[in-house]
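Undergrad: For reference, this is model35.txt, and it has compact mmCIF, C-alpha atoms.
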```txt
# COMPACT_ATOMS: atom_id res chain seq x y z
CA MET A 1 13.43 88.26 64.46
CA ALA A 2 15.22 84.98 65.21
CA ALA A 3 18.82 85.16 66.35
CA ALA A 4 21.43 84.08 63.84
CA SER A 5 22.76 80.53 64.27
CA PRO A 6 26.29 80.39 65.71
CA CYS A 7 29.13 79.50 63.32
CA TRP A 8 29.64 75.73 63.31
CA ALA A 9 33.40 76.23 63.59
CA SER A 10 33.07 77.90 66.98
CA CYS A 11 31.01 74.95 68.24
CA LEU A 12 33.74 72.33 67.80
CA PRO A 13 35.19 71.01 71.08
CA GLY A 14 38.62 72.40 71.90
CA ASP A 15 40.21 68.94 72.03
CA LEU A 16 39.03 68.21 68.50
CA VAL A 17 40.30 71.57 67.24
CA ARG A 18 43.73 70.93 68.76
CA LEU A 19 43.83 67.41 67.29
CA LEU A 20 43.00 68.68 63.81
CA ALA A 21 45.53 71.49 64.15
CA SER A 22 48.32 69.12 65.25
CA ARG A 23 47.74 66.85 62.26
CA LEU A 24 47.79 69.77 59.85
CA LEU A 25 50.95 71.13 61.46
CA ALA A 26 52.66 67.75 61.10
CA ALA A 27 51.94 67.86 57.37
CA ASP A 28 52.61 71.50 56.46
CA PHE A 29 53.16 74.68 58.44
CA THR A 30 51.08 76.83 56.07
CA ASP A 31 48.02 74.55 56.42
CA TYR A 32 48.22 75.13 60.17
CA VAL A 33 48.34 78.90 59.64
CA ARG A 34 45.27 78.77 57.39
CA PHE A 35 43.45 76.60 59.93
CA ARG A 36 44.03 79.15 62.69
CA ALA A 37 42.76 81.92 60.39
CA VAL A 38 39.27 80.37 60.13
CA CYS A 39 37.87 81.97 63.28
CA ALA A 40 38.81 83.52 66.63
CA PRO A 41 37.92 80.41 68.72
CA TRP A 42 40.30 78.27 66.67
CA ARG A 43 43.07 80.84 67.06
CA SER A 44 42.56 81.04 70.82
CA THR A 45 42.53 77.24 71.15
CA THR A 46 45.78 76.64 69.26
CA ALA A 47 49.31 77.90 69.79
CA SER A 48 50.49 80.86 67.78
CA PRO A 49 53.75 80.17 65.92
CA ARG A 50 54.80 83.81 66.08
CA GLY A 51 57.49 84.33 68.69
CA ARG A 52 58.29 80.61 68.86
CA GLY A 53 58.79 79.80 65.18
CA VAL A 54 62.49 79.05 65.64
CA LEU A 55 62.51 77.71 69.20
CA ASP A 56 59.73 75.15 68.70
CA PRO A 57 60.63 72.65 65.94
CA ARG A 58 56.95 71.83 65.42
CA PHE A 59 56.64 75.17 63.63
CA HIS A 60 59.58 74.76 61.28
CA PRO A 61 58.57 75.01 57.58
CA ARG A 62 60.48 71.84 56.73
CA ARG A 63 59.63 71.26 53.09
CA TRP A 64 59.76 74.91 52.04
CA MET A 65 62.74 76.11 50.03
CA MET A 66 63.78 79.59 48.97
CA PHE A 67 63.26 79.84 45.20
CA PRO A 68 66.27 80.91 43.09
CA GLU A 69 64.99 83.55 40.68
CA GLY A 70 67.99 83.69 38.35
CA ASN A 71 69.24 86.77 36.49
CA GLY A 72 71.09 87.92 39.61
CA LEU A 73 67.87 88.59 41.55
CA HIS A 74 69.31 87.62 44.92
CA PRO A 75 67.25 87.86 48.14
CA GLY A 76 67.02 91.54 48.97
CA HIS A 77 67.56 92.73 45.38
CA PRO A 78 65.82 96.12 44.82
CA ASN A 79 63.84 94.76 41.87
CA LEU A 80 62.14 92.25 44.15
CA HIS A 81 60.73 95.10 46.31
CA GLY A 82 61.43 93.26 49.56
CA TYR A 83 59.73 90.01 48.54
CA VAL A 84 61.25 86.53 48.39
CA ARG A 85 59.49 83.52 46.90
CA PHE A 86 59.43 80.09 48.53
CA PHE A 87 58.10 76.83 47.12
CA ASN A 88 57.03 73.56 48.73
CA LEU A 89 58.93 70.47 47.60
CA ASP A 90 55.93 68.21 48.22
CA THR A 91 52.94 70.24 47.08
CA GLY A 92 54.43 72.63 44.51
CA ALA A 93 52.76 75.58 46.28
CA PHE A 94 54.42 79.01 46.03
CA VAL A 95 54.28 81.86 48.54
CA ARG A 96 55.73 85.37 48.36
CA LEU A 97 57.00 86.69 51.68
CA HIS A 98 58.02 90.24 52.52
CA ILE A 99 61.28 89.52 54.35
CA GLY A 100 63.59 91.80 52.38
CA PRO A 101 64.17 94.17 55.33
CA LEU A 102 65.27 91.20 57.46
CA LEU A 103 67.82 90.21 54.81
CA GLU A 104 69.49 93.62 54.50
CA HIS A 105 73.24 93.38 55.15
CA HIS A 106 72.95 89.59 55.37
CA ARG A 107 73.74 86.67 53.12
CA VAL A 108 71.95 83.31 53.21
CA LEU A 109 74.36 80.45 53.91
CA ASP A 110 72.11 77.43 54.40
CA SER A 111 68.61 76.11 55.02
CA LEU A 112 67.82 74.20 58.21
CA ASP A 113 64.36 72.59 58.29
CA GLY A 114 63.11 75.53 56.21
CA LEU A 115 64.79 78.12 58.47
CA LEU A 116 67.27 80.39 56.75
CA VAL A 117 70.80 80.43 58.18
CA LEU A 118 71.99 84.02 57.80
CA HIS A 119 75.41 85.64 58.03
CA ARG A 120 75.39 89.30 59.07
CA ASP A 121 78.00 91.11 57.03
CA HIS A 122 79.34 93.75 59.41
CA ASP A 123 80.05 91.49 62.40
CA THR A 124 79.83 87.90 60.98
CA ALA A 125 77.02 86.99 63.41
CA ILE A 126 74.96 83.91 62.53
CA ARG A 127 71.17 84.14 62.77
CA LEU A 128 68.33 81.71 62.18
CA LEU A 129 65.32 83.26 60.43
CA HIS A 130 61.84 81.76 60.21
CA PRO A 131 60.72 83.24 56.87
CA PHE A 132 56.99 82.92 57.60
CA THR A 133 56.87 84.38 61.12
CA GLY A 134 59.89 86.70 60.95
CA ASP A 135 61.30 85.21 64.17
CA LEU A 136 65.08 85.54 64.52
CA LEU A 137 67.50 83.62 66.70
CA HIS A 138 70.86 85.26 67.35
CA LEU A 139 74.08 83.23 67.49
CA PRO A 140 77.70 84.35 68.01
CA PRO A 141 79.86 85.83 65.23
CA LEU A 142 81.95 83.45 63.15
CA SER A 143 84.92 85.72 63.87
CA THR A 144 85.07 84.22 67.37
CA LEU A 145 86.47 81.08 65.70
CA LEU A 146 89.56 82.84 64.34
CA PRO A 147 91.64 82.50 67.54
CA GLN A 148 90.91 78.75 67.44
CA MET A 149 92.13 78.40 63.84
CA HIS A 150 95.85 78.98 64.32
CA GLN A 151 96.59 75.58 62.73
CA ASP A 152 94.10 76.04 59.88
CA LEU A 153 94.89 78.13 56.83
CA HIS A 154 97.65 79.82 58.80
CA HIS A 155 99.02 81.42 55.62
CA LEU A 156 95.81 83.38 55.01
CA PRO A 157 94.75 86.70 56.59
CA ALA A 158 91.75 86.70 58.92
CA GLN A 159 89.28 88.04 56.35
CA GLU A 160 90.08 85.26 53.89
CA LYS A 161 89.75 82.66 56.64
CA LEU A 162 86.24 83.95 57.29
CA LEU A 163 85.34 83.21 53.68
CA TYR A 164 86.21 79.57 54.28
CA LEU A 165 83.95 79.47 57.34
CA ARG A 166 80.87 80.27 55.24
CA SER A 167 80.85 76.83 53.61
CA ILE A 168 78.70 75.02 56.13
CA SER A 169 76.19 72.28 56.74
CA THR A 170 73.93 73.14 59.68
CA ALA A 171 72.46 70.85 62.34
CA ALA A 172 70.65 71.83 65.54
CA THR A 173 68.92 70.53 68.63
CA PHE A 174 66.06 72.26 70.44
CA ALA A 175 65.53 71.63 74.15
CA ASP A 176 63.94 73.68 76.96
CA GLY A 177 64.04 76.91 74.99
CA VAL A 178 67.76 76.57 74.19
CA VAL A 179 68.94 76.00 70.63
CA THR A 180 72.30 74.32 70.03
CA VAL A 181 73.65 74.78 66.51
CA MET A 182 76.48 72.75 65.00
CA LEU A 183 78.19 73.93 61.83
CA ALA A 184 80.12 71.37 59.81
CA LEU A 185 82.83 73.50 58.19
CA SER A 186 83.31 71.67 54.93
CA LYS A 187 86.49 73.51 53.88
CA ILE A 188 88.54 72.89 57.01
CA TYR A 189 87.02 69.54 58.08
CA ARG A 190 86.10 70.64 61.59
CA VAL A 191 82.84 71.47 63.34
CA ALA A 192 81.84 74.44 65.48
CA VAL A 193 79.13 74.53 68.17
CA ALA A 194 77.27 77.35 69.96
CA THR A 195 73.99 77.72 71.81
CA SER A 196 71.55 80.60 71.74
CA ARG A 197 72.99 81.63 75.13
CA ASP A 198 76.65 81.66 74.07
CA HIS A 199 78.79 84.59 72.98
CA THR A 200 81.41 82.56 71.13
CA TRP A 201 81.63 79.46 68.95
CA SER A 202 83.62 76.46 70.11
CA MET A 203 85.70 74.60 67.53
CA SER A 204 86.28 70.86 67.60
CA THR A 205 89.80 69.80 68.49
CA TRP A 206 89.50 66.94 65.99
CA TYR A 207 89.04 66.80 62.24
CA TYR A 208 86.77 64.63 60.16
CA HIS A 209 87.70 63.02 56.85
CA ILE A 210 85.17 63.20 54.07
CA SER A 211 84.69 62.52 50.38
CA ARG A 212 81.58 64.70 49.98
CA THR A 213 80.00 67.71 51.65
CA PRO A 214 78.58 66.80 55.11
CA PHE A 215 74.86 66.06 55.33
CA SER A 216 72.79 67.18 58.34
CA TYR A 217 69.42 65.82 59.42
CA GLN A 218 67.50 65.93 62.72
CA GLY A 219 70.39 67.18 64.82
CA LYS A 220 72.96 64.79 63.34
CA THR A 221 75.61 65.30 60.69
CA TYR A 222 76.71 62.43 58.48
CA VAL A 223 79.99 62.22 56.61
CA VAL A 224 81.36 59.47 54.41
CA ARG A 225 84.97 58.51 53.82
CA ASP A 226 85.21 56.95 50.41
CA GLU A 227 87.92 54.28 50.29
CA THR A 228 86.76 52.57 47.11
CA MET A 229 90.20 52.92 45.58
CA GLU A 230 91.67 50.78 48.38
CA VAL A 231 91.91 47.00 48.24
CA ASP A 232 88.80 46.41 50.37
CA ARG A 233 86.73 49.06 48.48
CA THR A 234 84.72 50.44 51.36
CA ALA A 235 82.70 53.52 52.10
CA LYS A 236 82.75 54.24 55.82
CA ILE A 237 79.90 56.32 57.23
CA PHE A 238 80.36 58.45 60.34
CA GLN A 239 77.83 60.31 62.50
CA ILE A 240 78.45 63.51 64.47
CA ASP A 241 75.82 64.36 67.09
CA THR A 242 74.91 67.92 67.99
CA PRO A 243 75.50 68.08 71.76
CA LEU A 244 72.79 69.18 74.16
CA PRO A 245 73.56 72.23 76.34
CA GLY A 246 76.29 71.41 78.82
CA GLN A 247 77.48 68.34 76.93
CA ALA A 248 80.85 68.00 75.26
CA LEU A 249 81.19 67.72 71.51
CA GLN A 250 82.12 64.13 70.68
CA PRO A 251 84.25 62.99 67.72
CA PRO A 252 82.59 61.26 64.77
CA LYS A 253 81.51 57.69 65.42
CA SER A 254 81.52 55.02 62.75
CA ILE A 255 78.01 53.68 62.18
CA ALA A 256 78.31 51.69 58.96
CA THR A 257 80.88 50.22 56.58
CA CYS A 258 79.67 49.51 53.07
CA ARG A 259 82.07 46.67 52.35
CA LEU A 260 79.84 43.99 50.88
CA VAL A 261 77.81 46.27 48.65
CA LYS A 262 80.88 47.75 46.90
CA LEU A 263 79.43 51.23 46.94
CA TYR A 264 81.66 53.27 44.65
CA GLY A 265 81.94 57.00 45.07
CA PRO A 266 80.99 59.71 44.92
CA VAL A 267 78.61 58.79 47.74
CA TYR A 268 75.73 61.07 48.74
CA PHE A 269 73.17 61.29 51.56
CA VAL A 270 69.65 62.59 51.00
CA GLU A 271 66.43 62.77 53.02
CA CYS A 272 63.54 61.22 51.10
CA SER A 273 60.11 60.57 52.67
CA SER A 274 61.60 60.99 56.19
CA GLU A 275 64.27 58.38 55.48
CA VAL A 276 68.01 59.02 55.04
CA LEU A 277 69.19 57.35 51.85
CA VAL A 278 72.78 56.58 50.87
CA ILE A 279 73.45 56.83 47.14
CA GLY A 280 76.50 55.69 45.23
CA HIS A 281 77.52 53.71 42.16
CA SER A 282 77.96 50.08 41.20
CA ASP A 283 81.42 50.45 39.67
CA VAL A 284 84.08 52.95 38.66
CA ARG A 285 82.42 53.38 35.24
CA VAL A 286 79.25 54.67 36.96
CA SER A 287 77.12 52.27 34.94
CA LYS A 288 74.43 52.03 37.63
CA MET A 289 73.39 53.97 40.71
CA LEU A 290 72.81 52.17 44.00
CA VAL A 291 70.47 53.39 46.72
CA TYR A 292 70.32 52.08 50.31
CA LYS A 293 68.53 53.11 53.44
CA LEU A 294 71.00 54.30 56.06
CA THR A 295 69.09 52.35 58.72
CA ASP A 296 69.62 49.16 56.70
CA LEU A 297 73.35 49.75 56.33
CA VAL A 298 73.67 50.42 60.07
CA MET A 299 71.98 47.04 60.69
CA GLU A 300 74.26 45.44 58.06
CA ARG A 301 71.31 44.74 55.79
CA ASN A 302 72.60 45.41 52.28
CA ILE A 303 69.21 45.63 50.57
CA PRO A 304 69.09 48.05 47.63
CA VAL A 305 66.13 50.41 47.29
CA THR A 306 64.50 49.73 43.92
CA SER A 307 61.90 52.52 43.92
CA ILE A 308 61.43 55.94 45.50
CA GLY A 309 57.88 56.34 44.18
CA ASP A 310 56.87 59.78 42.96
CA LYS A 311 60.06 61.41 44.31
CA ALA A 312 62.88 62.90 42.26
CA ILE A 313 66.21 63.22 44.08
CA PHE A 314 68.69 66.03 43.36
CA LEU A 315 72.37 65.59 44.22
CA GLN A 316 75.06 68.26 44.41
CA ASN A 317 76.79 70.02 47.32
CA ARG A 318 73.35 70.03 48.96
CA THR A 319 70.84 67.24 48.33
CA LEU A 320 67.04 67.24 48.35
CA SER A 321 64.00 65.30 47.17
CA ALA A 322 60.87 66.68 45.51
CA SER A 323 57.51 65.27 44.47
CA ALA A 324 56.94 64.70 40.77
CA LYS A 325 53.18 64.69 41.42
CA ALA A 326 53.18 68.35 42.38
CA LEU A 327 56.08 69.92 40.51
CA PRO A 328 56.06 70.26 36.71
CA THR A 329 58.72 68.63 34.50
CA LEU A 330 59.87 66.24 37.25
CA VAL A 331 59.81 62.48 36.72
CA GLY A 332 59.28 60.15 39.66
CA ASP A 333 61.74 57.40 40.60
CA THR A 334 64.68 59.43 39.27
CA ILE A 335 68.00 60.79 40.52
CA ILE A 336 69.23 64.03 38.96
CA TYR A 337 72.86 65.11 39.18
CA ILE A 338 75.96 65.95 37.16
CA HIS A 339 77.14 62.68 35.64
CA PRO A 340 80.72 62.30 36.97
CA MET A 341 82.02 60.66 33.77
CA GLN A 342 80.10 62.40 30.97
CA TYR A 343 79.63 65.77 32.70
CA TYR A 344 76.02 66.63 31.86
CA LEU A 345 72.90 67.10 33.98
CA SER A 346 71.69 63.53 33.92
CA GLN A 347 68.56 61.76 35.05
CA TYR A 348 68.86 58.17 36.27
CA HIS A 349 65.65 56.11 36.33
CA LEU A 350 65.99 53.82 39.34
CA PRO A 351 63.63 50.92 38.39
CA SER A 352 64.95 50.55 34.83
CA GLY A 353 68.58 51.58 35.38
CA SER A 354 68.45 53.89 32.36
CA TRP A 355 70.14 57.28 31.87
CA SER A 356 68.76 60.30 30.03
CA PRO A 357 69.25 64.09 30.00
CA ALA A 358 67.41 65.78 32.88
CA MET A 359 66.28 68.67 30.67
CA ASP A 360 65.37 69.28 27.07
CA GLN A 361 68.63 70.28 25.42
CA CYS A 362 67.04 73.32 23.75
CA LEU A 363 66.43 74.91 27.15
CA ARG A 364 68.89 77.50 28.39
CA ASP A 365 71.77 76.11 30.41
CA THR A 366 73.74 79.25 31.31
CA GLU A 367 73.01 82.60 32.87
CA THR A 368 73.93 84.46 29.70
CA SER A 369 71.98 82.34 27.22
CA THR A 370 68.44 83.17 26.26
CA GLY A 371 65.32 81.03 26.09
CA PRO A 372 63.12 79.19 28.58
CA CYS A 373 64.50 77.63 31.73
CA SER A 374 63.30 74.30 33.09
CA PHE A 375 61.92 74.04 36.61
CA VAL A 376 64.46 71.23 37.03
CA HIS A 377 67.13 73.90 36.58
CA HIS A 378 65.71 76.00 39.43
CA ILE A 379 65.45 73.05 41.81
CA PHE A 380 68.96 71.85 41.00
CA THR A 381 70.23 75.36 41.77
CA CYS A 382 68.88 74.93 45.32
CA CYS A 383 71.57 72.26 45.72
CA SER A 384 74.36 74.73 44.97
CA PRO A 385 74.39 77.31 47.80
CA ARG A 386 76.87 79.64 46.06
CA HIS A 387 74.35 80.09 43.23
CA TRP A 388 71.14 79.73 45.26
CA ASN A 389 71.90 82.64 47.59
CA LYS A 390 73.05 85.00 44.82
CA GLY A 391 70.04 84.83 42.52
CA LEU A 392 72.04 82.91 39.92
CA LEU A 393 71.07 79.70 38.18
CA TYR A 394 73.51 76.81 38.27
CA HIS A 395 75.12 75.95 34.96
CA ILE A 396 77.67 73.40 33.90
CA GLY A 397 81.06 74.76 33.00
CA ASP A 398 81.76 77.20 35.83
CA GLY A 399 84.27 74.81 37.39
CA ASN A 400 82.28 74.31 40.60
CA THR A 401 80.40 71.08 40.05
CA VAL A 402 82.60 68.95 42.27
CA GLY A 403 83.73 69.52 45.85
CA PRO A 404 82.45 71.45 48.88
CA ASN A 405 80.24 74.45 48.26
CA HIS A 406 81.80 77.85 47.87
CA PRO A 407 80.91 80.83 50.13
```
As structure tokens, what does this structure read like?

TA:
Amino acid sequence: MAAASPCWASCLPGDLVRLLASRLLAADFTDYVRFRAVCAPWRSTTASPRGRGVLDPRFHPRRWMMFPEGNGLHPGHPNLHGYVRFFNLDTGAFVRLHIGPLLEHHRVLDSLDGLLVLHRDHDTAIRLLHPFTGDLLHLPPLSTLLPQMHQDLHHLPAQEKLLYLRSISTAATFADGVVTVMLALSKIYRVAVATSRDHTWSMSTWYYHISRTPFSYQGKTYVVRDETMEVDRTAKIFQIDTPLPGQALQPPKSIATCRLVKLYGPVYFVECSSEVLVIGHSDVRVSKMLVYKLTDLVMERNIPVTSIGDKAIFLQNRTLSASAKALPTLVGDTIIYIHPMQYYLSQYHLPSGSWSPAMDQCLRDTETSTGPCSFVHHIFTCCSPRHWNKGLLYHIGDGNTVGPNHP
């Protein structure tokens, strides 16, 4: 009897297997995992993400977001039986991960490249969790910042000060197996830095001035100081760099001044198709929205972006972009946020300059109302951390639509 033919997959050269794997990994972490599952030779030829999911940024699940279930079903809720759902902002794919035991006695504060930023309740330690591999990175307790806060919130007891420290925007650098994390503390206008080798956080001696919640991307944090009410009507953009191990934390540096474009606030940053966009308004009446590439503003090229393709952008305390091709009920080339003048969840169509409601008005818009809930509602909730991490859906009228996110 003739011997069975070897599997074609095991016959591929190792260099070709690694090339294919690297391209899949650059697109989506889960495609890389499926690729390695094909056969033993492919697994042995490619690097396993387990054990290095946090330390190696190649393995970060960048476009995956924890899905807010609503109805109070927060991560770790008994009715979820230890499972948490995540969805991909580009493909619309859903996965259900059994990470409930890892979330016990923790609360989720932020998302960093798809990693969950956790706060451990009993000792205030910060941890980075890779939800797909279960890898955890331990960072010092936030309580180590209290001795450095004698000038901040001095009238409050220590426990209440800790509540203010949970409103964060997280940036990080990864070098030689050491992770440096920088927390922009949006309620006290300072930043804190620690590495994976440190036992305490270090607080900046300086403060930053902002008009919106800080925005972090690729190890940098961006803040904007809106001076549109002044005579020169400017929006000044500052950048704060996460220091490498052994380097000192530097004050914010001015990188752009939006003087000629008359960019009226509120001004937002958002990552869209690997580009940082700056979004504001044409006038105080908010008649039009203006979108610019940050790289253009830095080079003093005031060229408005007239299309974002199939992407829908969501703006709130956190910002994100999602693909209308993959996710139901989204419309491409739109910006979704709470209209600052008319106070409804609005949808701005960038090419036409037209406004419309972001959801059918018959859909439910509060936690207590009944009826169907739009997928737009779930995605917008991801931009409000105080709802997103509690299993609540964001709704207008709770008094928290403007200003830094609550703990």

Undergrad: To one decimal in Å, tell me the separation between atom CA of A:Cys382 and atom CA of A:Asp296.

TA: 28.2 Å

Undergrad: Quick one: distance from atom CA of A:Pro49 to atom CA of A:Leu12 in Å, one decimal?

TA: 21.6 Å

Undergrad: Extract, using all atoms listed in the file, all DNA, RNA and protein residues at most 12 Å from A:His349, discarding same-chain residues fewer than 5 positions from it, and format them as a list in words.

TA: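 Contacts, with the query itself left out: Lys288, Met289, Leu290, Val291, Thr306, Ser307, Ile308, Gly309, Asp310, Lys311, Ala312, Ile313, Leu330, Val331, Gly332, Asp333, Thr334, Ile335, Ile336, Tyr337, Ser354, Trp355, Ser356, Pro357 and Ala358 of chain A.
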
Undergrad: Set the distance at 12 Å and use only C-alpha atoms: which residues neighbour A:Leu146 once local chain neighbours fewer than 2 positions away are removed? I'd like the list as a PyMOL selection string.

TA: chain A and resi 124+141-144+148-154+156-165+192+200-203

Undergrad: Mind listing whatever residues come within 8 Å of the point (64.2, 60.4, 50.7)? Use only C-alpha atoms, file coordinates, and give them as number ranges by chain.

TA: A: 270-277, 308, 311, 313, 320-321

Undergrad: Taking 2 positions as the minimum chain separation for residues in the same chain, which residues sit within 6 Å of A:Val117 when counting only C-alpha atoms? Answer as a list in words.

TA: Val108, Leu109, Asp110, Ser111, Arg127 and Leu128 of chain A

Undergrad: Given the selection you just returned, output its residues as a file containing C-alpha atoms, formatted as a compact mmCIF listing (two decimals), in the coordinates of the input.

TA:
```
# COMPACT_ATOMS: atom_id res chain seq x y z
CA VAL A 108 71.95 83.31 53.21
CA LEU A 109 74.36 80.45 53.91
CA ASP A 110 72.11 77.43 54.40
CA SER A 111 68.61 76.11 55.02
CA ARG A 127 71.17 84.14 62.77
CA LEU A 128 68.33 81.71 62.18
```

Undergrad: Could you give me, as a list in words, the residues within 12 Å of A:Arg85, counting all atoms listed in the file and dropping anything in the same chain fewer than 2 positions from it?

TA: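 Result of the neighbour search: Trp64, Met65, Met66, Phe67, Pro68, Glu69, Leu73, His74, Pro75, Gly76, Leu80, His81, Gly82, Tyr83, Phe87, Asn88, Ala93, Phe94, Val95, Arg96, Leu97, His98, Ile99, Gly100, Pro131, Phe132 and Gly391 of chain A.
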
Undergrad: Using only C-alpha atoms, which protein or nucleic acid residues come within 7 Å of stretch 41-48 of chain A? Drop anything in the same chain fewer than 2 positions from it, and give the result as number ranges by chain.

TA: A: 10, 14, 17-18, 36-39, 50

Undergrad: Rounded to one decimal, what separation in Å do you get between atom CA of A:Ser384 and atom CA of A:Pro78?

TA: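 Computed distance, atom CA of A:Ser384 to atom CA of A:Pro78, equals 23.0 Å.
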
Undergrad: Looking at A:Arg190, A:His378, A:Arg23, A:His105, which one is nearest to A:Phe86, with distances taken over only C-alpha atoms?

TA: A:His378

Undergrad: For stretch 349-356 of chain A of the block above, can you save all heavy atoms as a PDB file, in the first residue's frame?

TA:
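That gives us part32.pdb:
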```
ATOM      1  N   HIS A 349     -22.064  64.143   8.216  1.00  0.00           N
ATOM      2  CA  HIS A 349     -21.545  63.550   6.989  1.00  0.00           C
ATOM      3  C   HIS A 349     -20.502  64.490   6.409  1.00  0.00           C
ATOM      4  O   HIS A 349     -20.813  65.619   5.997  1.00  0.00           O
ATOM      5  CB  HIS A 349     -22.684  63.312   5.990  1.00  0.00           C
ATOM      6  CG  HIS A 349     -22.263  62.538   4.789  1.00  0.00           C
ATOM      7  ND1 HIS A 349     -22.267  63.066   3.511  1.00  0.00           N
ATOM      8  CD2 HIS A 349     -21.798  61.261   4.668  1.00  0.00           C
ATOM      9  CE1 HIS A 349     -21.843  62.150   2.650  1.00  0.00           C
ATOM     10  NE2 HIS A 349     -21.547  61.060   3.324  1.00  0.00           N
ATOM     11  N   LEU A 350     -19.239  64.039   6.408  1.00  0.00           N
ATOM     12  CA  LEU A 350     -18.121  64.920   6.085  1.00  0.00           C
ATOM     13  C   LEU A 350     -18.165  65.463   4.653  1.00  0.00           C
ATOM     14  O   LEU A 350     -17.999  66.678   4.453  1.00  0.00           O
ATOM     15  CB  LEU A 350     -16.804  64.182   6.352  1.00  0.00           C
ATOM     16  CG  LEU A 350     -15.517  65.007   6.314  1.00  0.00           C
ATOM     17  CD1 LEU A 350     -15.593  66.165   7.297  1.00  0.00           C
ATOM     18  CD2 LEU A 350     -14.315  64.117   6.635  1.00  0.00           C
ATOM     19  N   PRO A 351     -18.383  64.644   3.607  1.00  0.00           N
ATOM     20  CA  PRO A 351     -18.374  65.202   2.245  1.00  0.00           C
ATOM     21  C   PRO A 351     -19.478  66.228   1.986  1.00  0.00           C
ATOM     22  O   PRO A 351     -19.261  67.226   1.297  1.00  0.00           O
ATOM     23  CB  PRO A 351     -18.549  63.961   1.361  1.00  0.00           C
ATOM     24  CG  PRO A 351     -18.065  62.822   2.183  1.00  0.00           C
ATOM     25  CD  PRO A 351     -18.466  63.176   3.582  1.00  0.00           C
ATOM     26  N   SER A 352     -20.682  65.996   2.543  1.00  0.00           N
ATOM     27  CA  SER A 352     -21.801  66.890   2.253  1.00  0.00           C
ATOM     28  C   SER A 352     -21.979  67.999   3.282  1.00  0.00           C
ATOM     29  O   SER A 352     -22.681  68.989   3.022  1.00  0.00           O
ATOM     30  CB  SER A 352     -23.102  66.083   2.156  1.00  0.00           C
ATOM     31  OG  SER A 352     -23.438  65.526   3.430  1.00  0.00           O
ATOM     32  N   GLY A 353     -21.379  67.840   4.471  1.00  0.00           N
ATOM     33  CA  GLY A 353     -21.552  68.834   5.526  1.00  0.00           C
ATOM     34  C   GLY A 353     -22.931  68.826   6.143  1.00  0.00           C
ATOM     35  O   GLY A 353     -23.365  69.829   6.721  1.00  0.00           O
ATOM     36  N   SER A 354     -23.636  67.684   6.075  1.00  0.00           N
ATOM     37  CA  SER A 354     -25.000  67.608   6.586  1.00  0.00           C
ATOM     38  C   SER A 354     -25.045  66.899   7.933  1.00  0.00           C
ATOM     39  O   SER A 354     -24.228  66.033   8.221  1.00  0.00           O
ATOM     40  CB  SER A 354     -25.898  66.879   5.583  1.00  0.00           C
ATOM     41  OG  SER A 354     -25.434  65.548   5.363  1.00  0.00           O
ATOM     42  N   TRP A 355     -26.036  67.279   8.767  1.00  0.00           N
ATOM     43  CA  TRP A 355     -26.243  66.690  10.077  1.00  0.00           C
ATOM     44  C   TRP A 355     -27.498  65.830  10.062  1.00  0.00           C
ATOM     45  O   TRP A 355     -28.469  66.132   9.372  1.00  0.00           O
ATOM     46  CB  TRP A 355     -26.433  67.782  11.137  1.00  0.00           C
ATOM     47  CG  TRP A 355     -25.246  68.659  11.354  1.00  0.00           C
ATOM     48  CD1 TRP A 355     -24.942  69.814  10.685  1.00  0.00           C
ATOM     49  CD2 TRP A 355     -24.204  68.477  12.304  1.00  0.00           C
ATOM     50  NE1 TRP A 355     -23.776  70.365  11.166  1.00  0.00           N
ATOM     51  CE2 TRP A 355     -23.300  69.560  12.163  1.00  0.00           C
ATOM     52  CE3 TRP A 355     -23.944  67.504  13.275  1.00  0.00           C
ATOM     53  CZ2 TRP A 355     -22.176  69.694  12.955  1.00  0.00           C
ATOM     54  CZ3 TRP A 355     -22.814  67.636  14.065  1.00  0.00           C
ATOM     55  CH2 TRP A 355     -21.939  68.719  13.909  1.00  0.00           C
ATOM     56  N   SER A 356     -27.489  64.766  10.849  1.00  0.00           N
ATOM     57  CA  SER A 356     -28.665  63.916  11.012  1.00  0.00           C
ATOM     58  C   SER A 356     -28.531  63.173  12.332  1.00  0.00           C
ATOM     59  O   SER A 356     -27.428  63.064  12.888  1.00  0.00           O
ATOM     60  CB  SER A 356     -28.799  62.928   9.846  1.00  0.00           C
ATOM     61  OG  SER A 356     -27.691  62.042   9.809  1.00  0.00           O
TER      62      SER A 356
END
```
